file entry_1.cif (mmCIF, N, CA and C atoms)
data_structure
loop_
_atom_site.label_atom_id
_atom_site.label_comp_id
_atom_site.auth_asym_id
_atom_site.auth_seq_id
_atom_site.Cartn_x
_atom_site.Cartn_y
_atom_site.Cartn_z
N MET L 731 32.74 18.92 16.50
CA MET L 731 32.26 17.56 16.72
C MET L 731 33.47 16.63 16.72
N LYS L 732 33.52 15.73 17.67
CA LYS L 732 34.62 14.78 17.77
C LYS L 732 34.53 13.79 16.62
N PRO L 733 35.67 13.27 16.14
CA PRO L 733 35.66 12.31 15.03
C PRO L 733 34.80 11.08 15.32
N LEU L 734 34.83 10.59 16.53
CA LEU L 734 34.03 9.40 16.86
C LEU L 734 32.54 9.70 16.77
N SER L 735 32.12 10.89 17.22
CA SER L 735 30.72 11.29 17.13
C SER L 735 30.28 11.42 15.68
N LEU L 736 31.15 11.97 14.85
CA LEU L 736 30.84 12.12 13.43
C LEU L 736 30.68 10.76 12.76
N ILE L 737 31.55 9.84 13.09
CA ILE L 737 31.46 8.48 12.53
C ILE L 737 30.16 7.81 12.98
N THR L 738 29.81 7.95 14.24
CA THR L 738 28.58 7.37 14.77
C THR L 738 27.36 7.96 14.07
N LEU L 739 27.37 9.28 13.91
CA LEU L 739 26.27 9.95 13.22
C LEU L 739 26.13 9.45 11.78
N CYS L 740 27.24 9.33 11.08
CA CYS L 740 27.21 8.84 9.69
C CYS L 740 26.66 7.42 9.62
N CYS L 741 27.06 6.57 10.56
CA CYS L 741 26.56 5.19 10.58
C CYS L 741 25.06 5.15 10.84
N LEU L 742 24.59 5.98 11.75
CA LEU L 742 23.15 6.03 12.04
C LEU L 742 22.36 6.50 10.83
N LEU L 743 22.85 7.53 10.15
CA LEU L 743 22.15 8.03 8.97
C LEU L 743 22.13 6.99 7.85
N ALA L 744 23.23 6.27 7.70
CA ALA L 744 23.30 5.23 6.66
C ALA L 744 22.36 4.08 6.98
N ALA L 745 22.11 3.85 8.26
CA ALA L 745 21.24 2.74 8.66
C ALA L 745 19.77 3.04 8.41
N CYS L 746 19.41 4.33 8.27
CA CYS L 746 18.02 4.70 8.01
C CYS L 746 17.65 4.24 6.61
N SER L 747 16.53 3.59 6.51
CA SER L 747 16.11 3.04 5.22
C SER L 747 14.75 3.60 4.83
N HIS L 748 14.57 3.82 3.56
CA HIS L 748 13.28 4.27 3.06
C HIS L 748 12.57 3.13 2.34
N GLY L 749 12.99 1.89 2.60
CA GLY L 749 12.37 0.74 1.96
C GLY L 749 11.23 0.20 2.80
N PRO L 750 10.50 -0.75 2.24
CA PRO L 750 9.37 -1.33 2.98
C PRO L 750 9.83 -2.06 4.23
N GLU L 751 8.95 -2.10 5.18
CA GLU L 751 9.20 -2.82 6.42
C GLU L 751 8.26 -4.02 6.43
N PRO L 752 8.76 -5.18 6.81
CA PRO L 752 7.87 -6.34 6.84
C PRO L 752 6.66 -6.09 7.74
N ILE L 753 5.52 -6.52 7.28
CA ILE L 753 4.30 -6.42 8.09
C ILE L 753 4.24 -7.64 8.99
N LEU L 754 4.01 -7.41 10.25
CA LEU L 754 3.87 -8.51 11.20
C LEU L 754 2.39 -8.88 11.27
N TYR L 755 2.02 -9.83 10.43
CA TYR L 755 0.61 -10.24 10.33
C TYR L 755 0.14 -10.82 11.66
N GLY L 756 -1.03 -10.37 12.08
CA GLY L 756 -1.57 -10.80 13.37
C GLY L 756 -1.09 -9.94 14.53
N LYS L 757 -0.16 -8.99 14.26
CA LYS L 757 0.36 -8.11 15.31
C LYS L 757 0.25 -6.64 14.95
N ASP L 758 0.65 -6.25 13.73
CA ASP L 758 0.61 -4.84 13.34
C ASP L 758 -0.83 -4.38 13.14
N ALA L 759 -1.08 -3.14 13.51
CA ALA L 759 -2.41 -2.55 13.34
C ALA L 759 -2.43 -1.64 12.12
N CYS L 760 -3.56 -1.57 11.48
CA CYS L 760 -3.77 -0.69 10.34
C CYS L 760 -3.72 0.76 10.84
N THR L 761 -2.95 1.59 10.16
CA THR L 761 -2.84 3.01 10.51
C THR L 761 -4.19 3.71 10.42
N HIS L 762 -5.01 3.32 9.46
CA HIS L 762 -6.27 4.02 9.21
C HIS L 762 -7.41 3.55 10.11
N CYS L 763 -7.67 2.25 10.13
CA CYS L 763 -8.84 1.73 10.86
C CYS L 763 -8.50 1.08 12.20
N LYS L 764 -7.21 0.88 12.45
CA LYS L 764 -6.69 0.30 13.70
C LYS L 764 -6.95 -1.19 13.86
N MET L 765 -7.53 -1.84 12.85
CA MET L 765 -7.73 -3.30 12.91
C MET L 765 -6.37 -3.99 12.77
N THR L 766 -6.26 -5.20 13.30
CA THR L 766 -5.03 -5.97 13.16
C THR L 766 -4.92 -6.45 11.71
N ILE L 767 -3.74 -6.31 11.14
CA ILE L 767 -3.50 -6.72 9.75
C ILE L 767 -3.31 -8.23 9.74
N MET L 768 -4.16 -8.93 8.99
CA MET L 768 -4.17 -10.39 9.00
C MET L 768 -3.88 -11.05 7.65
N ASP L 769 -4.28 -10.43 6.56
CA ASP L 769 -4.28 -11.10 5.26
C ASP L 769 -3.26 -10.49 4.30
N LYS L 770 -2.26 -11.29 3.92
CA LYS L 770 -1.19 -10.83 3.02
C LYS L 770 -1.71 -10.41 1.65
N ARG L 771 -2.84 -10.93 1.23
CA ARG L 771 -3.34 -10.61 -0.11
C ARG L 771 -3.78 -9.16 -0.23
N PHE L 772 -4.11 -8.51 0.88
CA PHE L 772 -4.70 -7.17 0.83
C PHE L 772 -3.87 -6.08 1.50
N ALA L 773 -2.86 -6.43 2.28
CA ALA L 773 -2.09 -5.45 3.05
C ALA L 773 -1.32 -4.49 2.13
N THR L 774 -1.19 -3.25 2.59
CA THR L 774 -0.47 -2.23 1.84
C THR L 774 0.41 -1.44 2.79
N GLU L 775 1.30 -0.64 2.20
CA GLU L 775 2.21 0.15 3.01
C GLU L 775 2.52 1.46 2.29
N VAL L 776 2.63 2.52 3.04
CA VAL L 776 3.03 3.83 2.52
C VAL L 776 4.29 4.24 3.26
N ILE L 777 5.27 4.70 2.52
CA ILE L 777 6.50 5.21 3.11
C ILE L 777 6.63 6.66 2.68
N SER L 778 6.60 7.55 3.65
CA SER L 778 6.69 8.98 3.33
C SER L 778 8.09 9.32 2.86
N GLU L 779 8.23 10.50 2.30
CA GLU L 779 9.51 10.98 1.81
C GLU L 779 10.54 11.01 2.94
N LYS L 780 10.08 11.21 4.16
CA LYS L 780 10.98 11.25 5.32
C LYS L 780 11.25 9.86 5.91
N GLY L 781 10.64 8.82 5.33
CA GLY L 781 10.87 7.46 5.79
C GLY L 781 9.87 6.93 6.79
N LYS L 782 8.84 7.70 7.13
CA LYS L 782 7.81 7.21 8.05
C LYS L 782 6.98 6.15 7.35
N ILE L 783 6.75 5.04 8.04
CA ILE L 783 6.04 3.90 7.45
C ILE L 783 4.63 3.80 8.05
N TYR L 784 3.67 3.67 7.15
CA TYR L 784 2.26 3.50 7.52
C TYR L 784 1.81 2.17 6.93
N LYS L 785 1.19 1.34 7.74
CA LYS L 785 0.74 0.02 7.29
C LYS L 785 -0.78 -0.04 7.31
N PHE L 786 -1.35 -0.77 6.34
CA PHE L 786 -2.80 -0.84 6.18
C PHE L 786 -3.24 -2.27 5.93
N ASP L 787 -4.45 -2.60 6.40
CA ASP L 787 -4.97 -3.95 6.21
C ASP L 787 -5.67 -4.13 4.87
N ALA L 788 -5.95 -3.03 4.17
CA ALA L 788 -6.64 -3.12 2.89
C ALA L 788 -6.35 -1.88 2.05
N VAL L 789 -6.46 -2.04 0.76
CA VAL L 789 -6.17 -0.92 -0.15
C VAL L 789 -7.15 0.23 0.06
N GLU L 790 -8.38 -0.08 0.48
CA GLU L 790 -9.33 1.00 0.74
C GLU L 790 -8.94 1.82 1.97
N CYS L 791 -8.25 1.20 2.95
CA CYS L 791 -7.74 1.96 4.09
C CYS L 791 -6.60 2.87 3.65
N MET L 792 -5.74 2.36 2.78
CA MET L 792 -4.66 3.20 2.25
C MET L 792 -5.25 4.39 1.50
N ALA L 793 -6.29 4.15 0.70
CA ALA L 793 -6.94 5.23 -0.05
C ALA L 793 -7.53 6.27 0.91
N GLY L 794 -8.14 5.83 1.99
CA GLY L 794 -8.69 6.75 2.98
C GLY L 794 -7.59 7.59 3.63
N PHE L 795 -6.50 6.96 3.97
CA PHE L 795 -5.36 7.67 4.55
C PHE L 795 -4.82 8.71 3.58
N LEU L 796 -4.69 8.35 2.31
CA LEU L 796 -4.15 9.28 1.31
C LEU L 796 -5.10 10.46 1.09
N ARG L 797 -6.41 10.21 1.16
CA ARG L 797 -7.38 11.32 1.06
C ARG L 797 -7.19 12.30 2.21
N GLU L 798 -6.93 11.77 3.40
CA GLU L 798 -6.78 12.59 4.59
C GLU L 798 -5.40 13.22 4.71
N ASN L 799 -4.44 12.73 3.94
CA ASN L 799 -3.06 13.20 4.00
C ASN L 799 -2.55 13.53 2.60
N PRO L 800 -3.10 14.56 1.98
CA PRO L 800 -2.73 14.87 0.59
C PRO L 800 -1.25 15.19 0.40
N ALA L 801 -0.58 15.69 1.42
CA ALA L 801 0.85 15.98 1.28
C ALA L 801 1.63 14.69 1.02
N VAL L 802 1.27 13.62 1.70
CA VAL L 802 1.92 12.32 1.48
C VAL L 802 1.47 11.76 0.13
N ALA L 803 0.18 11.84 -0.15
CA ALA L 803 -0.38 11.28 -1.39
C ALA L 803 0.22 11.92 -2.63
N ASN L 804 0.43 13.23 -2.59
CA ASN L 804 0.90 13.95 -3.77
C ASN L 804 2.40 14.08 -3.87
N ASP L 805 3.12 13.59 -2.88
CA ASP L 805 4.57 13.68 -2.90
C ASP L 805 5.14 12.53 -3.75
N PRO L 806 5.79 12.86 -4.88
CA PRO L 806 6.33 11.80 -5.73
C PRO L 806 7.42 10.97 -5.05
N GLU L 807 7.95 11.48 -3.95
CA GLU L 807 8.98 10.74 -3.21
C GLU L 807 8.38 9.72 -2.24
N SER L 808 7.09 9.81 -1.98
CA SER L 808 6.43 8.82 -1.13
C SER L 808 6.30 7.51 -1.90
N SER L 809 6.52 6.41 -1.21
CA SER L 809 6.34 5.09 -1.82
C SER L 809 4.97 4.56 -1.41
N LEU L 810 4.18 4.19 -2.39
CA LEU L 810 2.87 3.59 -2.15
C LEU L 810 2.97 2.15 -2.61
N LEU L 811 2.83 1.22 -1.69
CA LEU L 811 3.05 -0.19 -2.00
C LEU L 811 1.80 -1.01 -1.71
N VAL L 812 1.51 -1.93 -2.61
CA VAL L 812 0.38 -2.83 -2.44
C VAL L 812 0.87 -4.27 -2.59
N ASN L 813 0.21 -5.17 -1.90
CA ASN L 813 0.49 -6.58 -2.10
C ASN L 813 -0.18 -7.03 -3.38
N ASP L 814 0.52 -7.79 -4.17
CA ASP L 814 -0.06 -8.37 -5.37
C ASP L 814 -0.96 -9.54 -4.92
N PHE L 815 -2.25 -9.42 -5.17
CA PHE L 815 -3.22 -10.43 -4.74
C PHE L 815 -2.82 -11.84 -5.21
N GLY L 816 -2.26 -11.92 -6.40
CA GLY L 816 -1.86 -13.22 -6.95
C GLY L 816 -0.58 -13.76 -6.35
N HIS L 817 0.19 -12.92 -5.68
CA HIS L 817 1.46 -13.31 -5.06
C HIS L 817 1.54 -12.66 -3.67
N PRO L 818 0.74 -13.12 -2.72
CA PRO L 818 0.71 -12.50 -1.39
C PRO L 818 2.10 -12.40 -0.78
N GLY L 819 2.35 -11.24 -0.17
CA GLY L 819 3.64 -11.01 0.45
C GLY L 819 4.63 -10.31 -0.47
N THR L 820 4.21 -10.05 -1.73
CA THR L 820 5.07 -9.37 -2.70
C THR L 820 4.53 -7.98 -2.95
N PHE L 821 5.28 -6.97 -2.49
CA PHE L 821 4.86 -5.59 -2.71
C PHE L 821 5.17 -5.14 -4.13
N SER L 822 4.29 -4.29 -4.65
CA SER L 822 4.54 -3.63 -5.93
C SER L 822 4.09 -2.17 -5.80
N ASP L 823 4.50 -1.37 -6.74
CA ASP L 823 4.20 0.06 -6.73
C ASP L 823 2.70 0.25 -6.98
N ALA L 824 2.03 0.89 -6.04
CA ALA L 824 0.58 1.10 -6.15
C ALA L 824 0.22 1.93 -7.37
N ARG L 825 1.11 2.84 -7.76
CA ARG L 825 0.83 3.71 -8.90
C ARG L 825 0.90 2.98 -10.23
N LYS L 826 1.52 1.79 -10.22
CA LYS L 826 1.64 0.99 -11.45
C LYS L 826 0.74 -0.25 -11.42
N ALA L 827 0.12 -0.50 -10.28
CA ALA L 827 -0.72 -1.69 -10.12
C ALA L 827 -2.09 -1.49 -10.78
N TRP L 828 -2.81 -2.59 -10.89
CA TRP L 828 -4.20 -2.59 -11.39
C TRP L 828 -5.09 -3.08 -10.27
N TYR L 829 -6.31 -2.59 -10.24
CA TYR L 829 -7.22 -2.84 -9.13
C TYR L 829 -8.49 -3.50 -9.63
N LEU L 830 -8.93 -4.49 -8.87
CA LEU L 830 -10.15 -5.20 -9.20
C LEU L 830 -11.15 -4.97 -8.07
N HIS L 831 -12.30 -4.43 -8.43
CA HIS L 831 -13.41 -4.27 -7.49
C HIS L 831 -14.43 -5.31 -7.91
N ASP L 832 -14.51 -6.39 -7.15
CA ASP L 832 -15.31 -7.55 -7.52
C ASP L 832 -16.02 -8.08 -6.27
N ALA L 833 -17.32 -8.30 -6.37
CA ALA L 833 -18.10 -8.78 -5.23
C ALA L 833 -17.58 -10.10 -4.66
N SER L 834 -16.85 -10.87 -5.47
CA SER L 834 -16.33 -12.16 -5.00
C SER L 834 -15.12 -12.01 -4.08
N LEU L 835 -14.53 -10.83 -4.05
CA LEU L 835 -13.37 -10.60 -3.19
C LEU L 835 -13.86 -10.19 -1.79
N ALA L 836 -13.31 -10.81 -0.80
CA ALA L 836 -13.71 -10.50 0.58
C ALA L 836 -12.55 -9.79 1.26
N SER L 837 -12.32 -8.53 0.89
CA SER L 837 -11.23 -7.79 1.50
C SER L 837 -11.59 -7.44 2.94
N PRO L 838 -10.60 -7.21 3.79
CA PRO L 838 -10.85 -7.01 5.22
C PRO L 838 -11.86 -5.92 5.57
N MET L 839 -11.92 -4.86 4.81
CA MET L 839 -12.83 -3.76 5.12
C MET L 839 -14.14 -3.84 4.33
N GLY L 840 -14.33 -4.89 3.58
CA GLY L 840 -15.58 -5.08 2.86
C GLY L 840 -15.68 -4.29 1.57
N GLY L 841 -14.58 -3.71 1.13
CA GLY L 841 -14.59 -2.94 -0.12
C GLY L 841 -14.49 -3.81 -1.36
N ASN L 842 -14.23 -5.10 -1.17
CA ASN L 842 -14.11 -6.04 -2.28
C ASN L 842 -13.10 -5.57 -3.32
N LEU L 843 -11.95 -5.09 -2.82
CA LEU L 843 -10.89 -4.55 -3.67
C LEU L 843 -9.61 -5.34 -3.49
N ALA L 844 -8.90 -5.55 -4.60
CA ALA L 844 -7.59 -6.18 -4.55
C ALA L 844 -6.70 -5.54 -5.60
N ALA L 845 -5.40 -5.58 -5.35
CA ALA L 845 -4.42 -5.02 -6.27
C ALA L 845 -3.69 -6.16 -6.99
N PHE L 846 -3.32 -5.90 -8.24
CA PHE L 846 -2.62 -6.88 -9.06
C PHE L 846 -1.45 -6.22 -9.78
N ILE L 847 -0.45 -7.01 -10.08
CA ILE L 847 0.76 -6.50 -10.72
C ILE L 847 0.49 -5.99 -12.14
N ASN L 848 -0.52 -6.55 -12.80
CA ASN L 848 -0.84 -6.09 -14.16
C ASN L 848 -2.32 -6.30 -14.46
N ARG L 849 -2.76 -5.70 -15.54
CA ARG L 849 -4.18 -5.75 -15.92
C ARG L 849 -4.63 -7.18 -16.22
N ARG L 850 -3.80 -7.93 -16.88
CA ARG L 850 -4.16 -9.30 -17.25
C ARG L 850 -4.47 -10.14 -16.01
N ALA L 851 -3.65 -9.99 -14.96
CA ALA L 851 -3.88 -10.74 -13.72
C ALA L 851 -5.19 -10.31 -13.06
N ALA L 852 -5.48 -9.02 -13.08
CA ALA L 852 -6.73 -8.53 -12.49
C ALA L 852 -7.93 -9.07 -13.26
N GLU L 853 -7.86 -9.03 -14.57
CA GLU L 853 -8.97 -9.53 -15.39
C GLU L 853 -9.15 -11.03 -15.22
N ALA L 854 -8.06 -11.78 -15.06
CA ALA L 854 -8.14 -13.23 -14.87
C ALA L 854 -8.82 -13.59 -13.54
N ALA L 855 -8.69 -12.72 -12.54
CA ALA L 855 -9.30 -12.99 -11.24
C ALA L 855 -10.76 -12.56 -11.17
N GLN L 856 -11.22 -11.84 -12.17
CA GLN L 856 -12.60 -11.32 -12.19
C GLN L 856 -13.60 -12.47 -12.23
N GLN L 857 -14.57 -12.45 -11.31
CA GLN L 857 -15.61 -13.47 -11.27
C GLN L 857 -17.00 -12.89 -11.46
N ASP L 858 -17.19 -11.64 -11.10
CA ASP L 858 -18.48 -10.98 -11.21
C ASP L 858 -18.51 -10.18 -12.51
N SER L 859 -19.55 -10.36 -13.29
CA SER L 859 -19.64 -9.65 -14.58
C SER L 859 -19.71 -8.14 -14.42
N ALA L 860 -20.10 -7.68 -13.23
CA ALA L 860 -20.18 -6.24 -12.97
C ALA L 860 -18.88 -5.70 -12.36
N ALA L 861 -17.87 -6.54 -12.26
CA ALA L 861 -16.60 -6.12 -11.65
C ALA L 861 -15.94 -5.01 -12.46
N ILE L 862 -15.15 -4.20 -11.77
CA ILE L 862 -14.46 -3.09 -12.41
C ILE L 862 -12.96 -3.27 -12.24
N VAL L 863 -12.24 -3.19 -13.36
CA VAL L 863 -10.78 -3.21 -13.34
C VAL L 863 -10.31 -1.80 -13.67
N SER L 864 -9.41 -1.28 -12.84
CA SER L 864 -8.93 0.08 -13.08
C SER L 864 -7.44 0.21 -12.76
N ASP L 865 -6.84 1.22 -13.37
CA ASP L 865 -5.46 1.57 -13.05
C ASP L 865 -5.47 2.51 -11.85
N TRP L 866 -4.29 3.03 -11.45
CA TRP L 866 -4.20 3.88 -10.28
C TRP L 866 -5.07 5.14 -10.39
N PRO L 867 -4.98 5.91 -11.49
CA PRO L 867 -5.83 7.10 -11.57
C PRO L 867 -7.32 6.76 -11.49
N GLY L 868 -7.73 5.68 -12.12
CA GLY L 868 -9.13 5.25 -12.04
C GLY L 868 -9.53 4.83 -10.65
N PHE L 869 -8.63 4.13 -9.97
CA PHE L 869 -8.88 3.69 -8.60
C PHE L 869 -9.06 4.91 -7.69
N ILE L 870 -8.17 5.87 -7.80
CA ILE L 870 -8.25 7.07 -6.96
C ILE L 870 -9.53 7.83 -7.23
N LYS L 871 -9.91 7.94 -8.48
CA LYS L 871 -11.15 8.65 -8.84
C LYS L 871 -12.36 7.96 -8.22
N GLN L 872 -12.39 6.62 -8.25
CA GLN L 872 -13.51 5.85 -7.70
C GLN L 872 -13.56 5.91 -6.17
N ASN L 873 -12.42 6.17 -5.55
CA ASN L 873 -12.33 6.10 -4.08
C ASN L 873 -12.09 7.46 -3.43
N ARG L 874 -12.67 8.49 -3.99
CA ARG L 874 -12.54 9.83 -3.39
C ARG L 874 -13.48 10.00 -2.25
#

call {"tool": "encode", "arguments": {"input": "entry_1.cif", "output": "structure tokens"}}
result
Amino acid sequence: MKPLSLITLCCLLAACSHGPEPILYGKDACTHCKMTIMDKRFATEVISEKGKIYKFDAVECMAGFLRENPAVANDPESSLLVNDFGHPGTFSDARKAWYLHDASLASPMGGNLAAFINRRAAEAAQQDSAAIVSDWPGFIKQNR
């Protein structure tokens, strides 16, 4: 391999990123349901171990995708990111987030689900007395 080709290859590999990609609201389509992603409060993103990015309009679409793609779901190197409902546009780790299933939430897919950075924030947003607050394992169990 010529030195110039090797340098070019190294630059291309260094440019590859496994970080989140900005969601183009009103333009990007949900990987799972194909609807246009519109609301920053509910959008999520999955980044596979190989760097493939999947965008979703709601946490329930991400859950559906993970059910259908267990290799991505169970890979600890995959990044699962959710928007913090209280801070739209701010991604956090889905495995560390808390989830609120509350009839007062109007999520894009009608699942009435939102993600929060911590339990206290999820409980503070609760409006329905029958609402359920859960961590990641609880959320996955409820959405099988």

call {"tool": "residues_near_point", "arguments": {"input": "entry_1.cif", "point": "(-0.4, 4.1, -12.2)", "cutoff": "6 Å", "atoms": "all atoms listed in the file", "output": "JSON, numbers by chain"}}
result
{"L": [824, 825, 826, 827, 865, 866, 867]}

call {"tool": "resolve_selection", "arguments": {"input": "entry_1.cif", "expression": "the PyMOL selection byres (((chain L and resi 795 and name CA) around 12) and name CA)", "output": "compact mmCIF listing (two decimals) with N, CA and C atoms, keeping the file's coordinate frame"}}
result
# COMPACT_ATOMS: atom_id res chain seq x y z
N CYS L 760 -3.56 -1.57 11.48
CA CYS L 760 -3.77 -0.69 10.34
C CYS L 760 -3.72 0.76 10.84
N THR L 761 -2.95 1.59 10.16
CA THR L 761 -2.84 3.01 10.51
C THR L 761 -4.19 3.71 10.42
N HIS L 762 -5.01 3.32 9.46
CA HIS L 762 -6.27 4.02 9.21
C HIS L 762 -7.41 3.55 10.11
N CYS L 763 -7.67 2.25 10.13
CA CYS L 763 -8.84 1.73 10.86
C CYS L 763 -8.50 1.08 12.20
N LYS L 764 -7.21 0.88 12.45
CA LYS L 764 -6.69 0.30 13.70
C LYS L 764 -6.95 -1.19 13.86
N THR L 774 -1.19 -3.25 2.59
CA THR L 774 -0.47 -2.23 1.84
C THR L 774 0.41 -1.44 2.79
N GLU L 775 1.30 -0.64 2.20
CA GLU L 775 2.21 0.15 3.01
C GLU L 775 2.52 1.46 2.29
N VAL L 776 2.63 2.52 3.04
CA VAL L 776 3.03 3.83 2.52
C VAL L 776 4.29 4.24 3.26
N TYR L 784 3.67 3.67 7.15
CA TYR L 784 2.26 3.50 7.52
C TYR L 784 1.81 2.17 6.93
N LYS L 785 1.19 1.34 7.74
CA LYS L 785 0.74 0.02 7.29
C LYS L 785 -0.78 -0.04 7.31
N PHE L 786 -1.35 -0.77 6.34
CA PHE L 786 -2.80 -0.84 6.18
C PHE L 786 -3.24 -2.27 5.93
N ASP L 787 -4.45 -2.60 6.40
CA ASP L 787 -4.97 -3.95 6.21
C ASP L 787 -5.67 -4.13 4.87
N ALA L 788 -5.95 -3.03 4.17
CA ALA L 788 -6.64 -3.12 2.89
C ALA L 788 -6.35 -1.88 2.05
N VAL L 789 -6.46 -2.04 0.76
CA VAL L 789 -6.17 -0.92 -0.15
C VAL L 789 -7.15 0.23 0.06
N GLU L 790 -8.38 -0.08 0.48
CA GLU L 790 -9.33 1.00 0.74
C GLU L 790 -8.94 1.82 1.97
N CYS L 791 -8.25 1.20 2.95
CA CYS L 791 -7.74 1.96 4.09
C CYS L 791 -6.60 2.87 3.65
N MET L 792 -5.74 2.36 2.78
CA MET L 792 -4.66 3.20 2.25
C MET L 792 -5.25 4.39 1.50
N ALA L 793 -6.29 4.15 0.70
CA ALA L 793 -6.94 5.23 -0.05
C ALA L 793 -7.53 6.27 0.91
N GLY L 794 -8.14 5.83 1.99
CA GLY L 794 -8.69 6.75 2.98
C GLY L 794 -7.59 7.59 3.63
N LEU L 796 -4.69 8.35 2.31
CA LEU L 796 -4.15 9.28 1.31
C LEU L 796 -5.10 10.46 1.09
N ARG L 797 -6.41 10.21 1.16
CA ARG L 797 -7.38 11.32 1.06
C ARG L 797 -7.19 12.30 2.21
N GLU L 798 -6.93 11.77 3.40
CA GLU L 798 -6.78 12.59 4.59
C GLU L 798 -5.40 13.22 4.71
N ASN L 799 -4.44 12.73 3.94
CA ASN L 799 -3.06 13.20 4.00
C ASN L 799 -2.55 13.53 2.60
N PRO L 800 -3.10 14.56 1.98
CA PRO L 800 -2.73 14.87 0.59
C PRO L 800 -1.25 15.19 0.40
N ALA L 801 -0.58 15.69 1.42
CA ALA L 801 0.85 15.98 1.28
C ALA L 801 1.63 14.69 1.02
N VAL L 802 1.27 13.62 1.70
CA VAL L 802 1.92 12.32 1.48
C VAL L 802 1.47 11.76 0.13
N ALA L 803 0.18 11.84 -0.15
CA ALA L 803 -0.38 11.28 -1.39
C ALA L 803 0.22 11.92 -2.63
N LEU L 810 4.18 4.19 -2.39
CA LEU L 810 2.87 3.59 -2.15
C LEU L 810 2.97 2.15 -2.61
N ILE L 870 -8.17 5.87 -7.80
CA ILE L 870 -8.25 7.07 -6.96
C ILE L 870 -9.53 7.83 -7.23
N ASN L 873 -12.42 6.17 -5.55
CA ASN L 873 -12.33 6.10 -4.08
C ASN L 873 -12.09 7.46 -3.43
N ARG L 874 -12.67 8.49 -3.99
CA ARG L 874 -12.54 9.83 -3.39
C ARG L 874 -13.48 10.00 -2.25

call {"tool": "resolve_selection", "arguments": {"input": "entry_1.cif", "expression": "the PyMOL selection byres (((chain L and resi 820 and name CA) around 12) and name CA)", "output": "VMD selection string"}}
result
chain L and resid 750 to 753 770 to 775 811 to 819 821 to 824 845 to 847

call {"tool": "closest_residue", "arguments": {"input": "entry_1.cif", "among": "L:Gly756, L:Ser837, L:Asp832, L:Ser864", "to": "Arg849 (chain L)", "atoms": "only C-alpha atoms"}}
result
L:Ser864

call {"tool": "atom_distance", "arguments": {"input": "entry_1.cif", "atom1": "CA of Asp805 (chain L)", "atom2": "CA of Ala844 (chain L)"}}
result
23.3 Å

call {"tool": "atom_distance", "arguments": {"input": "entry_1.cif", "atom1": "atom C of Tyr829 (chain L)", "atom2": "CA of Val863 (chain L)"}}
result
4.4 Å

call {"tool": "atom_distance", "arguments": {"input": "entry_1.cif", "atom1": "atom C of Gln856 (chain L)", "atom2": "CA of Tyr755 (chain L)"}}
result
26.8 Å

call {"tool": "residues_around", "arguments": {"input": "entry_1.cif", "residues": "Lys757 (chain L)", "least_positions_apart": "3", "cutoff": "9 Å", "atoms": "only C-alpha atoms", "output": "PDB file with N, CA and C atoms, in the coordinates of the input"}}
result
ATOM      1  N   ILE L 753       5.520  -6.520   7.280  1.00  0.00           N
ATOM      2  CA  ILE L 753       4.300  -6.420   8.090  1.00  0.00           C
ATOM      3  C   ILE L 753       4.240  -7.640   8.990  1.00  0.00           C
ATOM      4  N   LEU L 754       4.010  -7.410  10.250  1.00  0.00           N
ATOM      5  CA  LEU L 754       3.870  -8.510  11.200  1.00  0.00           C
ATOM      6  C   LEU L 754       2.390  -8.880  11.270  1.00  0.00           C
ATOM      7  N   THR L 766      -6.260  -5.200  13.300  1.00  0.00           N
ATOM      8  CA  THR L 766      -5.030  -5.970  13.160  1.00  0.00           C
ATOM      9  C   THR L 766      -4.920  -6.450  11.710  1.00  0.00           C
ATOM     10  N   ILE L 767      -3.740  -6.310  11.140  1.00  0.00           N
ATOM     11  CA  ILE L 767      -3.500  -6.720   9.750  1.00  0.00           C
ATOM     12  C   ILE L 767      -3.310  -8.230   9.740  1.00  0.00           C
ATOM     13  N   MET L 768      -4.160  -8.930   8.990  1.00  0.00           N
ATOM     14  CA  MET L 768      -4.170 -10.390   9.000  1.00  0.00           C
ATOM     15  C   MET L 768      -3.880 -11.050   7.650  1.00  0.00           C
TER      16      MET L 768
END

call {"tool": "select_by_dssp", "arguments": {"input": "entry_1.cif", "residues": "region 765-824 of chain L", "states": "strand (DSSP E)", "output": "VMD selection string"}}
result
chain L and resid 774 to 777 783 to 786 809 to 814 817 to 823

call {"tool": "select_by_dssp", "arguments": {"input": "entry_1.cif", "residues": "chain L", "states": "helix (DSSP H, G or I)", "output": "number ranges by chain"}}
result
L: 733-745, 789-798, 800-803, 849-855, 866-872

call {"tool": "closest_residue", "arguments": {"input": "entry_1.cif", "among": "L:Gly840, L:Leu830, L:Ala855, L:Ala759", "to": "Phe869 (chain L)", "atoms": "only C-alpha atoms"}}
result
L:Leu830

call {"tool": "resolve_selection", "arguments": {"input": "entry_1.cif", "expression": "the PyMOL selection byres ((chain L and resi 807) around 6.5)", "output": "PyMOL selection string"}}
result
chain L and resi 777-779+804-806+808-809
